[in-house]
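Shown below: my_file_32.pdb, with PDB, C-alpha atoms and all ligand atoms.
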ATOM      1  CA  MET A   1       0.000   0.000   0.000
ATOM      2  CA  ALA A   2       3.086   2.251   0.032
ATOM      3  CA  PHE A   3       2.438   2.820  -3.677
ATOM      4  CA  VAL A   4      -1.064   4.171  -3.035
ATOM      5  CA  LYS A   5       0.168   6.341  -0.160
ATOM      6  CA  GLU A   6       2.760   7.987  -2.378
ATOM      7  CA  GLU A   7       0.208   8.502  -5.146
ATOM      8  CA  LEU A   8      -2.220  10.138  -2.710
ATOM      9  CA  ASP A   9       0.494  12.494  -1.427
ATOM     10  CA  GLU A  10       1.133  13.586  -4.981
ATOM     11  CA  LEU A  11      -2.623  14.020  -5.574
ATOM     12  CA  ARG A  12      -2.920  16.348  -2.533
ATOM     13  CA  THR A  13      -0.278  18.679  -3.914
ATOM     14  CA  LYS A  14      -1.227  18.514  -7.595
ATOM     15  CA  CYS A  15      -5.016  18.019  -7.794
ATOM     16  CA  THR A  16      -6.233  21.622  -7.877
ATOM     17  CA  SER A  17      -3.318  22.890  -9.956
ATOM     18  CA  GLU A  18      -3.461  20.177 -12.622
ATOM     19  CA  ILE A  19      -7.228  19.844 -12.821
ATOM     20  CA  GLU A  20      -8.962  23.138 -13.400
ATOM     21  CA  ASN A  21     -11.921  23.832 -11.059
ATOM     22  CA  SER A  22     -11.472  20.681  -9.026
ATOM     23  CA  GLU A  23     -11.954  20.100  -5.350
ATOM     24  CA  LEU A  24     -10.435  17.222  -3.427
ATOM     25  CA  ILE A  25     -13.213  16.109  -1.078
ATOM     26  CA  THR A  26     -11.638  12.999   0.441
ATOM     27  CA  CYS A  27      -8.219  11.489  -0.061
ATOM     28  CA  HIS A  28      -7.763   8.206   1.830
ATOM     29  CA  GLN A  29      -6.483   4.781   0.909
ATOM     30  CA  ALA A  30     -10.057   3.529   1.255
ATOM     31  CA  SER A  31     -11.422   6.030  -1.255
ATOM     32  CA  VAL A  32     -10.748   9.223  -3.129
ATOM     33  CA  ARG A  33     -13.476  11.717  -4.036
ATOM     34  CA  VAL A  34     -12.891  14.648  -6.325
ATOM     35  CA  LYS A  35     -15.442  17.184  -7.540
ATOM     36  CA  ILE A  36     -14.798  18.402 -11.075
ATOM     37  CA  SER A  37     -16.660  21.333 -12.638
ATOM     38  CA  LYS A  38     -16.651  22.978 -15.997
ATOM     39  CA  THR A  39     -19.856  24.956 -15.349
ATOM     40  CA  LYS A  40     -22.587  24.774 -12.705
ATOM     41  CA  PHE A  41     -24.376  22.126 -14.779
ATOM     42  CA  LYS A  42     -21.259  20.347 -16.025
ATOM     43  CA  THR A  43     -20.282  19.163 -12.561
ATOM     44  CA  LEU A  44     -19.595  15.661 -11.321
ATOM     45  CA  VAL A  45     -17.959  13.826  -8.438
ATOM     46  CA  VAL A  46     -15.414  11.128  -9.240
ATOM     47  CA  CYS A  47     -15.145   8.380  -6.617
ATOM     48  CA  LEU A  48     -12.095   6.131  -6.868
ATOM     49  CA  GLN A  49     -11.217   2.950  -4.998
ATOM     50  CA  PHE A  50      -8.113   0.814  -5.088
ATOM     51  CA  GLY A  51      -8.322  -2.974  -5.485
ATOM     52  CA  ASP A  52      -5.929  -5.281  -3.581
ATOM     53  CA  ASP A  53      -3.564  -5.650  -6.512
ATOM     54  CA  TYR A  54      -3.623  -1.990  -7.570
ATOM     55  CA  PRO A  55      -1.838  -0.704  -9.706
ATOM     56  CA  LYS A  56      -1.781  -4.059 -11.567
ATOM     57  CA  SER A  57      -5.572  -3.809 -11.771
ATOM     58  CA  PRO A  58      -7.356  -0.612 -12.866
ATOM     59  CA  VAL A  59      -8.584   1.850 -10.244
ATOM     60  CA  ILE A  60     -12.345   1.397  -9.606
ATOM     61  CA  ILE A  61     -14.278   4.405 -10.881
ATOM     62  CA  GLU A  62     -17.750   5.626  -9.949
ATOM     63  CA  LEU A  63     -19.298   8.915 -11.111
ATOM     64  CA  LYS A  64     -22.078  10.956  -9.504
ATOM     65  CA  SER A  65     -23.835  14.090 -10.700
ATOM     66  CA  LYS A  66     -27.051  15.985 -10.086
ATOM     67  CA  THR A  67     -27.139  17.458 -13.594
ATOM     68  CA  ILE A  68     -25.667  14.839 -15.934
ATOM     69  CA  SER A  69     -27.894  11.895 -16.889
ATOM     70  CA  GLU A  70     -27.246   8.419 -15.408
ATOM     71  CA  LYS A  71     -26.907   6.978 -18.889
ATOM     72  CA  LEU A  72     -24.200   9.407 -19.899
ATOM     73  CA  LEU A  73     -22.394   8.969 -16.555
ATOM     74  CA  ALA A  74     -22.249   5.211 -17.241
ATOM     75  CA  GLY A  75     -20.802   5.965 -20.678
ATOM     76  CA  ILE A  76     -18.156   8.344 -19.309
ATOM     77  CA  CYS A  77     -17.325   5.743 -16.636
ATOM     78  CA  ASN A  78     -16.718   3.142 -19.358
ATOM     79  CA  ILE A  79     -14.268   5.236 -21.332
ATOM     80  CA  ALA A  80     -12.542   6.377 -18.120
ATOM     81  CA  ASP A  81     -12.111   2.666 -17.228
ATOM     82  CA  ALA A  82     -10.448   2.111 -20.582
ATOM     83  CA  GLU A  83      -8.206   5.120 -19.906
ATOM     84  CA  ALA A  84      -7.176   3.684 -16.492
ATOM     85  CA  LYS A  85      -6.234   0.393 -18.161
ATOM     86  CA  LYS A  86      -3.632   2.245 -20.270
ATOM     87  CA  TYR A  87      -1.753   2.970 -17.024
ATOM     88  CA  LEU A  88      -1.676  -0.547 -15.521
ATOM     89  CA  GLY A  89       1.323  -0.903 -13.207
ATOM     90  CA  LYS A  90       1.568   2.901 -12.921
ATOM     91  CA  LYS A  91      -0.163   5.763 -11.085
ATOM     92  CA  GLN A  92      -3.692   6.055 -12.504
ATOM     93  CA  VAL A  93      -5.527   8.632 -10.385
ATOM     94  CA  LEU A  94      -4.292  11.874 -11.936
ATOM     95  CA  PRO A  95      -4.460  10.605 -15.549
ATOM     96  CA  VAL A  96      -8.077   9.459 -14.991
ATOM     97  CA  LEU A  97      -9.080  12.804 -13.433
ATOM     98  CA  VAL A  98      -7.374  14.760 -16.222
ATOM     99  CA  PHE A  99      -9.167  12.576 -18.763
ATOM    100  CA  ILE A 100     -12.606  13.205 -17.200
ATOM    101  CA  ARG A 101     -11.970  16.962 -16.945
ATOM    102  CA  GLN A 102     -10.996  17.024 -20.622
ATOM    103  CA  PHE A 103     -14.155  15.098 -21.523
ATOM    104  CA  LEU A 104     -16.272  17.856 -19.906
ATOM    105  CA  GLU A 105     -14.253  20.431 -21.839
ATOM    106  CA  ASP A 106     -14.658  18.676 -25.202
ATOM    107  CA  ASN A 107     -18.327  17.727 -24.988
ATOM    108  CA  ALA A 108     -20.745  20.627 -24.905
ATOM    109  CA  PHE A 109     -23.694  18.214 -25.127
ATOM    110  CA  VAL A 110     -22.865  16.639 -21.745
ATOM    111  CA  VAL A 111     -25.633  18.766 -20.218
ATOM    112  CA  CYS A 112     -28.246  17.750 -22.786
ATOM    113  CA  SER A 113     -27.347  14.197 -23.810
ATOM    114  CA  ASP A 114     -30.923  12.985 -23.178
ATOM    115  CA  GLU A 115     -32.345  15.796 -25.287
ATOM    116  CA  LEU A 116     -29.904  14.998 -28.075
ATOM    117  CA  SER A 117     -30.811  11.314 -28.105
ATOM    118  CA  PHE A 118     -34.529  12.233 -28.181
ATOM    119  CA  ILE A 119     -33.884  14.339 -31.287
ATOM    120  CA  LYS A 120     -31.942  11.498 -32.930
ATOM    121  CA  LYS A 121     -34.508   8.819 -32.064
ATOM    122  CA  GLU A 122     -37.847  10.588 -32.217
ATOM    123  CA  LEU A 123     -37.541  13.551 -34.554
ATOM    124  CA  ILE A 124     -34.968  12.787 -37.223
ATOM    125  CA  THR A 125     -35.731  10.184 -39.900
ATOM    126  CA  SER A 126     -33.344   8.324 -42.208
ATOM    127  CA  GLU A 127     -33.791  10.890 -44.987
ATOM    128  CA  ASP A 128     -32.747  13.802 -42.741
ATOM    129  CA  GLU A 129     -29.205  14.789 -41.892
ATOM    130  CA  LEU A 130     -27.869  15.489 -38.411
ATOM    131  CA  LYS A 131     -24.378  16.725 -37.577
ATOM    132  CA  VAL A 132     -23.194  17.079 -33.991
ATOM    133  CA  LYS A 133     -20.151  19.219 -33.317
ATOM    134  CA  GLN A 134     -19.452  18.164 -29.742
ATOM    135  CA  LYS A 135     -16.688  20.600 -28.912
ATOM    136  CA  SER A 136     -18.365  23.759 -30.164
ATOM    137  CA  GLY A 137     -21.850  22.700 -29.013
ATOM    138  CA  ILE A 138     -23.376  23.013 -32.463
ATOM    139  CA  LEU A 139     -26.097  20.824 -33.911
ATOM    140  CA  ILE A 140     -26.921  21.056 -37.600
ATOM    141  CA  ALA A 141     -30.189  19.450 -38.671
ATOM    142  CA  ASN A 142     -31.212  19.330 -42.298
ATOM    143  CA  VAL A 143     -34.816  18.165 -42.241
ATOM    144  CA  PHE A 144     -36.841  17.080 -45.263
ATOM    145  CA  GLU A 145     -40.563  16.611 -45.903
ATOM    146  CA  LYS A 146     -41.952  15.892 -49.374
ATOM    147  CA  ASN A 147     -40.020  18.296 -51.643
ATOM    148  CA  TYR A 148     -39.372  20.792 -48.850
ATOM    149  CA  PHE A 149     -36.425  21.150 -46.498
ATOM    150  CA  MET A 150     -35.044  23.415 -43.804
ATOM    151  CA  LYS A 151     -31.502  23.431 -42.497
ATOM    152  CA  LEU A 152     -31.257  24.582 -38.889
ATOM    153  CA  LYS A 153     -28.357  25.375 -36.630
ATOM    154  CA  PHE A 154     -28.794  24.959 -32.862
ATOM    155  CA  THR A 155     -26.060  26.336 -30.597
ATOM    156  CA  ILE A 156     -25.740  25.206 -26.986
ATOM    157  CA  PRO A 157     -24.272  28.053 -24.929
ATOM    158  CA  ASN A 158     -21.652  27.348 -22.305
ATOM    159  CA  THR A 159     -24.097  28.111 -19.502
ATOM    160  CA  TYR A 160     -26.889  25.885 -20.884
ATOM    161  CA  PRO A 161     -29.583  25.220 -19.683
ATOM    162  CA  GLU A 162     -29.596  28.505 -17.737
ATOM    163  CA  GLU A 163     -29.140  30.288 -21.024
ATOM    164  CA  GLN A 164     -31.380  29.240 -23.917
ATOM    165  CA  VAL A 165     -30.344  27.350 -27.061
ATOM    166  CA  SER A 166     -29.935  29.689 -30.032
ATOM    167  CA  ILE A 167     -31.582  28.854 -33.334
ATOM    168  CA  GLU A 168     -30.645  29.932 -36.833
ATOM    169  CA  GLN A 169     -32.129  29.018 -40.174
ATOM    170  CA  LYS A 170     -29.330  28.344 -42.690
ATOM    171  CA  GLU A 171     -31.129  27.290 -45.866
ATOM    172  CA  THR A 172     -34.686  26.447 -46.876
ATOM    173  CA  ASN A 173     -37.217  26.371 -49.700
ATOM    174  CA  PHE A 174     -40.180  27.081 -47.403
ATOM    175  CA  PRO A 175     -42.259  30.207 -48.148
ATOM    176  CA  ASP A 176     -40.641  33.282 -46.499
ATOM    177  CA  LEU A 177     -43.465  33.818 -44.050
ATOM    178  CA  PHE A 178     -43.243  30.222 -42.761
ATOM    179  CA  GLU A 179     -39.508  30.140 -42.447
ATOM    180  CA  LYS A 180     -39.585  33.336 -40.332
ATOM    181  CA  MET A 181     -42.604  32.287 -38.300
ATOM    182  CA  CYS A 182     -41.179  28.845 -37.427
ATOM    183  CA  VAL A 183     -37.876  30.247 -36.169
ATOM    184  CA  ALA A 184     -39.582  33.124 -34.339
ATOM    185  CA  ARG A 185     -41.959  30.739 -32.530
ATOM    186  CA  ALA A 186     -39.106  28.439 -31.498
ATOM    187  CA  THR A 187     -36.976  31.347 -30.301
ATOM    188  CA  GLU A 188     -39.869  32.634 -28.206
ATOM    189  CA  LEU A 189     -40.383  29.167 -26.724
ATOM    190  CA  ALA A 190     -36.669  29.033 -25.836
ATOM    191  CA  ARG A 191     -36.933  32.436 -24.186
ATOM    192  CA  GLN A 192     -39.882  31.283 -22.071
ATOM    193  CA  CYS A 193     -37.803  28.308 -20.862
ATOM    194  CA  VAL A 194     -35.290  30.598 -19.176
ATOM    195  CA  THR A 195     -37.230  33.808 -18.427
ATOM    196  CA  PRO A 196     -39.929  33.992 -15.752
ATOM    197  CA  PRO A 197     -43.283  35.353 -16.986
ATOM    198  CA  LEU A 198     -43.849  39.074 -16.420
ATOM    199  CA  LYS A 199     -47.238  38.545 -14.832
ATOM    200  CA  LYS A 200     -47.111  35.923 -12.176
ATOM    201  CA  ARG A 201     -50.377  34.392 -11.098
ATOM    202  CA  PRO A 202     -50.568  33.706  -7.339
ATOM    203  CA  LYS A 203     -51.142  29.960  -7.789
ATOM    204  CA  ASP A 204     -48.199  29.453 -10.174
ATOM    205  CA  PRO A 205     -45.337  27.353  -8.797
ATOM    206  CA  PRO A 206     -41.995  29.188  -8.462
ATOM    207  CA  PHE A 207     -40.314  29.660 -11.841
ATOM    208  CA  GLU A 208     -37.715  27.081 -12.757
ATOM    209  CA  VAL A 209     -35.433  27.181 -15.775
ATOM    210  CA  LYS A 210     -36.291  24.438 -18.289
ATOM    211  CA  PRO A 211     -33.897  22.910 -20.847
ATOM    212  CA  SER A 212     -34.875  24.397 -24.216
ATOM    213  CA  LEU A 213     -33.162  22.255 -26.879
ATOM    214  CA  LYS A 214     -35.626  19.370 -27.050
ATOM    215  CA  LEU A 215     -38.714  21.597 -26.888
ATOM    216  CA  CYS A 216     -37.474  23.879 -29.666
ATOM    217  CA  ALA A 217     -36.332  21.023 -31.908
ATOM    218  CA  GLU A 218     -39.698  19.317 -31.412
ATOM    219  CA  LEU A 219     -41.617  22.467 -32.327
ATOM    220  CA  LEU A 220     -39.467  23.127 -35.398
ATOM    221  CA  ILE A 221     -39.105  19.592 -36.740
ATOM    222  CA  ARG A 222     -42.376  17.913 -35.787
ATOM    223  CA  GLY A 223     -44.526  21.032 -35.457
ATOM    224  CA  CYS A 224     -43.317  22.912 -38.550
ATOM    225  CA  ILE A 225     -40.996  21.260 -41.089
ATOM    226  CA  LYS A 226     -42.608  17.805 -41.070
ATOM    227  CA  ARG A 227     -46.083  19.252 -40.754
ATOM    228  CA  TYR A 228     -46.715  22.164 -43.108
ATOM    229  CA  PRO A 229     -45.811  20.475 -46.434
ATOM    230  CA  THR A 230     -48.460  17.813 -45.675
ATOM    231  CA  GLU A 231     -51.100  20.260 -44.438
ATOM    232  CA  LYS A 232     -54.204  20.973 -46.520
ATOM    233  CA  CYS A 233     -56.090  24.259 -46.971
ATOM    234  CA  ALA A 234     -59.045  24.221 -44.552
ATOM    235  CA  VAL A 235     -61.331  25.536 -47.306
ATOM    236  CA  CYS A 236     -60.402  23.886 -50.637
ATOM    237  CA  LYS A 237     -58.784  20.781 -49.015
ATOM    238  CA  GLU A 238     -55.820  20.912 -51.404
ATOM    239  CA  TYR A 239     -52.246  20.954 -50.090
ATOM    240  CA  VAL A 240     -51.463  24.527 -49.015
ATOM    241  CA  PHE A 241     -47.888  24.420 -50.327
ATOM    242  CA  PRO A 242     -47.394  23.775 -54.062
ATOM    243  CA  THR A 243     -45.960  20.303 -54.884
ATOM    244  CA  ASP A 244     -43.063  22.005 -56.605
ATOM    245  CA  PRO A 245     -41.263  24.340 -54.146
ATOM    246  CA  THR A 246     -40.114  26.587 -57.007
ATOM    247  CA  HIS A 247     -43.779  27.622 -57.306
ATOM    248  CA  VAL A 248     -43.888  28.925 -53.727
ATOM    249  CA  VAL A 249     -45.778  32.239 -53.534
ATOM    250  CA  ASN A 250     -44.236  34.981 -51.412
ATOM    251  CA  ASP A 251     -46.545  37.792 -52.567
ATOM    252  CA  PRO A 252     -49.111  38.266 -49.747
ATOM    253  CA  HIS A 253     -51.776  39.506 -52.214
ATOM    254  CA  HIS A 254     -51.582  36.421 -54.447
ATOM    255  CA  GLY A 255     -54.499  33.979 -54.182
ATOM    256  CA  ARG A 256     -52.182  31.011 -53.485
ATOM    257  CA  HIS A 257     -50.236  32.809 -50.746
ATOM    258  CA  VAL A 258     -50.465  30.645 -47.630
ATOM    259  CA  GLU A 259     -52.067  32.210 -44.554
ATOM    260  CA  TRP A 260     -51.617  30.973 -41.025
ATOM    261  CA  VAL A 261     -54.397  31.856 -38.606
ATOM    262  CA  TYR A 262     -54.486  31.935 -34.833
ATOM    263  CA  CYS A 263     -55.788  28.366 -34.348
ATOM    264  CA  GLY A 264     -52.822  27.057 -36.351
ATOM    265  CA  HIS A 265     -54.736  25.984 -39.472
ATOM    266  CA  LEU A 266     -53.627  27.024 -42.915
ATOM    267  CA  PHE A 267     -55.479  28.585 -45.841
ATOM    268  CA  HIS A 268     -54.760  29.882 -49.299
ATOM    269  CA  ASN A 269     -55.180  33.657 -49.294
ATOM    270  CA  GLY A 270     -57.834  33.401 -52.039
ATOM    271  CA  CYS A 271     -59.756  30.686 -50.199
ATOM    272  CA  ILE A 272     -59.867  32.415 -46.819
ATOM    273  CA  SER A 273     -60.695  35.821 -48.377
ATOM    274  CA  GLU A 274     -63.716  34.285 -50.079
ATOM    275  CA  TYR A 275     -64.687  32.342 -46.956
ATOM    276  CA  MET A 276     -64.483  35.432 -44.705
ATOM    277  CA  LYS A 277     -66.872  37.316 -47.025
ATOM    278  CA  THR A 278     -69.488  34.559 -47.047
ATOM    279  CA  PRO A 279     -72.185  34.156 -44.331
ATOM    280  CA  PRO A 280     -72.934  33.048 -41.688
ATOM    281  CA  PHE A 281     -71.209  35.855 -39.783
ATOM    282  CA  THR A 282     -72.924  35.448 -36.398
ATOM    283  CA  GLY A 283     -70.364  35.124 -33.603
ATOM    284  CA  GLY A 284     -67.546  35.741 -36.081
ATOM    285  CA  LYS A 285     -66.234  33.423 -38.795
ATOM    286  CA  LYS A 286     -65.111  30.040 -37.483
ATOM    287  CA  CYS A 287     -62.244  27.924 -38.786
ATOM    288  CA  PRO A 288     -63.808  25.103 -40.890
ATOM    289  CA  ALA A 289     -61.172  22.689 -39.580
ATOM    290  CA  CYS A 290     -61.500  23.210 -35.818
ATOM    291  CA  GLY A 291     -64.443  25.567 -35.243
ATOM    292  CA  LYS A 292     -62.364  28.201 -33.418
ATOM    293  CA  ARG A 293     -62.956  31.861 -34.209
ATOM    294  CA  ILE A 294     -60.597  33.114 -36.942
ATOM    295  CA  TYR A 295     -58.218  35.846 -35.858
ATOM    296  CA  HIS A 296     -55.882  37.290 -38.433
ATOM    297  CA  ASP A 297     -54.599  40.822 -39.069
ATOM    298  CA  LYS A 298     -55.870  40.727 -42.651
ATOM    299  CA  TRP A 299     -59.484  39.997 -41.701
ATOM    300  CA  LYS A 300     -60.089  42.068 -38.613
ATOM    301  CA  ILE A 301     -63.692  43.038 -39.318
ATOM    302  CA  THR A 302     -66.668  42.654 -37.032
ATOM    303  CA  PRO A 303     -69.502  40.287 -37.925
ATOM    304  CA  LYS A 304     -71.690  43.392 -38.476
ATOM    305  CA  THR A 305     -69.336  44.954 -41.059
ATOM    306  CA  ALA A 306     -68.984  41.585 -42.767
ATOM    307  CA  GLU A 307     -72.790  41.285 -42.901
ATOM    308  CA  GLU A 308     -73.103  44.795 -44.404
ATOM    309  CA  ARG A 309     -70.365  44.140 -46.958
ATOM    310  CA  TRP A 310     -71.996  40.864 -47.907
ATOM    311  CA  ALA A 311     -75.398  42.560 -48.407
ATOM    312  CA  HIS A 312     -73.763  45.299 -50.430
ATOM    313  CA  GLU A 313     -71.901  42.760 -52.604
ATOM    314  CA  GLN A 314     -75.123  40.781 -53.135
ATOM    315  CA  ALA A 315     -77.024  43.950 -54.197
ATOM    316  CA  ARG A 316     -74.274  44.844 -56.654
ATOM    317  CA  GLN A 317     -74.348  41.286 -58.035
ATOM    318  CA  ARG A 318     -78.152  41.516 -58.555
ATOM    319  CA  GLU A 319     -77.786  44.846 -60.366
ATOM    320  CA  LEU A 320     -75.126  43.344 -62.594
ATOM    321  CA  GLU A 321     -77.341  40.358 -63.379
ATOM    322  CA  GLU A 322     -80.207  42.714 -64.250
ATOM    323  CA  VAL A 323     -77.930  44.582 -66.663
ATOM    324  CA  VAL A 324     -76.764  41.308 -68.238
ATOM    325  CA  ASP A 325     -80.420  40.218 -68.506
ATOM    326  CA  PHE A 326     -81.376  43.535 -70.049
ATOM    327  CA  LEU A 327     -78.549  43.435 -72.593
ATOM    328  CA  GLY A 328     -79.092  39.764 -73.348
TER     329      GLY A 328
HETATM  330 ZN    ZN B 401     -57.383  26.626 -50.626
HETATM  331 ZN    ZN B 402     -58.507  25.908 -37.045
END
Could the structure of this file be written out as structure tokens, please?
Amino acid sequence: MAFVKEELDELRTKCTSEIENSELITCHQASVRVKISKTKFKTLVVCLQFGDDYPKSPVIIELKSKTISEKLLAGICNIADAEAKKYLGKKQVLPVLVFIRQFLEDNAFVVCSDELSFIKKELITSEDELKVKQKSGILIANVFEKNYFMKLKFTIPNTYPEEQVSIEQKETNFPDLFEKMCVARATELARQCVTPPLKKRPKDPPFEVKPSLKLCAELLIRGCIKRYPTEKCAVCKEYVFPTDPTHVVNDPHHGRHVEWVYCGHLFHNGCISEYMKTPPFTGGKKCPACGKRIYHDKWKITPKTAEERWAHEQARQRELEEVVDFLG
């Protein structure tokens, strides 16, 4: 055990200087415990024990953390075991600690490994592309649906999840309005994950920061990119987006421009304009798909005005028919 004693003496003098942001909690022959932090959320405790034939056998490693998932801890433990085995017959404690500290440094997704595997398993299909840049904390997802695609860049900040994931759209053939709306909605959702609401209701539980990556990716991939190209106009029941993305309409006055209303259903501009001008108007026009009242900046008229306009339009139509009759 003289070997272990000497190694522990060295650890006491070198631990904090060689391993950035570390704290030696216990340092006995029975066990060694060291806390290693990169950030508040990238923090773990390494527990080491020496077998009878140490250093001929690898040091026994156990990892604990309040913020890193059990599954990932088991994975880190495995590769740290392999690292220890490289030093059989030699001092293993410092090399193992250095290795674990470096792992935290090199893997920005340590704090969201569960979220990342959800995205891989549940959101991304075989036709999509996903690139994970572990060190810089960047996730590039190129997501396809029918002939449409959107390439998104998610960046995990160093202080994640206390700071929200940032989202950027890199390339797409979606209509302008949709591309902007999707990213804006996701960015707002991310903001709500880390910012307490302005108006707090008395019964609300105390605000807690929520991880934002999974929620935003789910909204963008499942709720937007995979959804809109398969969505049909609530009036004419045809696909809202043209089959050929080169025919996408970005002119808001064009009849095939796609409109998104408050309930989330989609319409062609021409279809909803016609629908909004047609009775019944009582209680406001309702979405034909879900029955909710239609709210949209373009059609902000009261049922009464709509009724009057309709009557006026009908009268004009009758006059026109009379003229046609007369001429015919
Ligand atoms: Zn339509
Ligand atoms: Zn609706």
>> Using Å and a single decimal, report how far atom CA of A:Pro229 sits from atom CA of A:Tyr148.
In response: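 For atom CA of A:Tyr148 relative to atom CA of A:Pro229, the distance reads 6.9 Å.
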> For the file shown, what are the residues hit by the PyMOL selection byres (((chain A and resi 175) around 9) and not hetatm), laid out as a list in words?
Replying inline: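 Applied to this file, the PyMOL selection byres (((chain A and resi 175) around 9) and not hetatm) selects Thr172, Asn173, Phe174, Asp176, Leu177, Phe178, Glu179, Lys180, Phe241, Pro245, Val248, Val249, Asn250, His257 and Val258 of chain A.
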List all protein, DNA and RNA residues that have an atom no more than 9 Å from any atom of ligand ZN 402 (chain B), counting only C-alpha atoms and all ligand atoms, and report them as a CSV table (one decimal) with C-alpha atoms, in the coordinates of the input.
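Wrote it out as part.csv, contents follow:
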chain,number,residue,atom,x,y,z
A,234,ALA,CA,-59.0,24.2,-44.6
A,261,VAL,CA,-54.4,31.9,-38.6
A,262,TYR,CA,-54.5,31.9,-34.8
A,263,CYS,CA,-55.8,28.4,-34.3
A,264,GLY,CA,-52.8,27.1,-36.4
A,265,HIS,CA,-54.7,26.0,-39.5
A,266,LEU,CA,-53.6,27.0,-42.9
A,286,LYS,CA,-65.1,30.0,-37.5
A,287,CYS,CA,-62.2,27.9,-38.8
A,288,PRO,CA,-63.8,25.1,-40.9
A,289,ALA,CA,-61.2,22.7,-39.6
A,290,CYS,CA,-61.5,23.2,-35.8
A,291,GLY,CA,-64.4,25.6,-35.2
A,292,LYS,CA,-62.4,28.2,-33.4
A,293,ARG,CA,-63.0,31.9,-34.2
A,294,ILE,CA,-60.6,33.1,-36.9
> Just so the selection is clear, what residues does the PyMOL selection byres (((chain A and resi 42) around 9) and not hetatm) cover here, as number ranges by chain?
Replying inline: A: 36-41, 43-44, 65, 67-68, 104, 108, 110-111, 159
> What does the PyMOL selection byres (((chain A and resi 88) around 8) and not hetatm) select in this file, as a list in words?
Replying inline: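 Selected by the PyMOL selection byres (((chain A and resi 88) around 8) and not hetatm) here: Pro55, Lys56, Ser57, Pro58, Ala84, Lys85, Lys86, Tyr87, Gly89, Lys90, Lys91 and Gln92 of chain A.
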>> Calculated over all atoms listed in the file, which of the candidates A:Asp128, A:Glu259, A:Glu321, A:Glu115 has the smallest distance to ligand ZN 401 (chain B)?
In response: A:Glu259
> Smallest atom-to-atom distance to ligand ZN 401 (chain B): which of A:Ile100, A:Cys271, A:Ile124, A:Val324, using all atoms listed in the file?
Replying inline: A:Cys271
> Can I get the residues close to ligand ZN 401 (chain B) as a list in words, where close means within 10 Å and we count all atoms listed in the file?
Replying inline: Lys232, Cys233, Ala234, Val235, Cys236, Lys237, Glu238, Tyr239, Val240, Phe241, Gly255, Arg256, His257, Val258, Glu259, Leu266, Phe267, His268, Asn269, Gly270, Cys271, Ile272, Glu274 and Tyr275 of chain A
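Across the model, the gap from atom CA of A:Trp260 to atom CA of A:Trp310 is 23.7 Å.
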> Which neighbours of stretch 297-301 of chain A fall inside 8 Å, counting only C-alpha atoms, when residues of the same chain fewer than 5 positions from it are skipped, and could you give them as JSON, numbers by chain?
Replying inline: {"A": [273, 276, 306]}
>> Just checking: using only C-alpha atoms, which residue out of A:Ile156, A:Met1, A:Cys77, A:Leu48 ends up closest to A:Ile25?
In response: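 Of A:Ile156, A:Met1, A:Cys77, A:Leu48, the one nearest A:Ile25 is A:Leu48, counting only C-alpha atoms.
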>> Rounded to one decimal, what separation in Å do you get between atom CA of A:Glu62 and atom CA of A:Glu23?
In response: 16.3 Å
Around all the atoms of stretch 15-24 of chain A listed in the file, with 8 Å of room on each side, what axis-aligned box do you get, giving centre and edge lengths in Å to one decimal, as JSON?
{"center_x": -7.6, "center_y": 20.5, "center_z": -8.4, "size_x": 24.6, "size_y": 22.6, "size_z": 26.0}
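Among the candidates A:Glu70, A:Glu163, A:Glu208, A:Glu122, the residue lying nearest to A:Pro196 is A:Glu208 (atoms considered: only C-alpha atoms).
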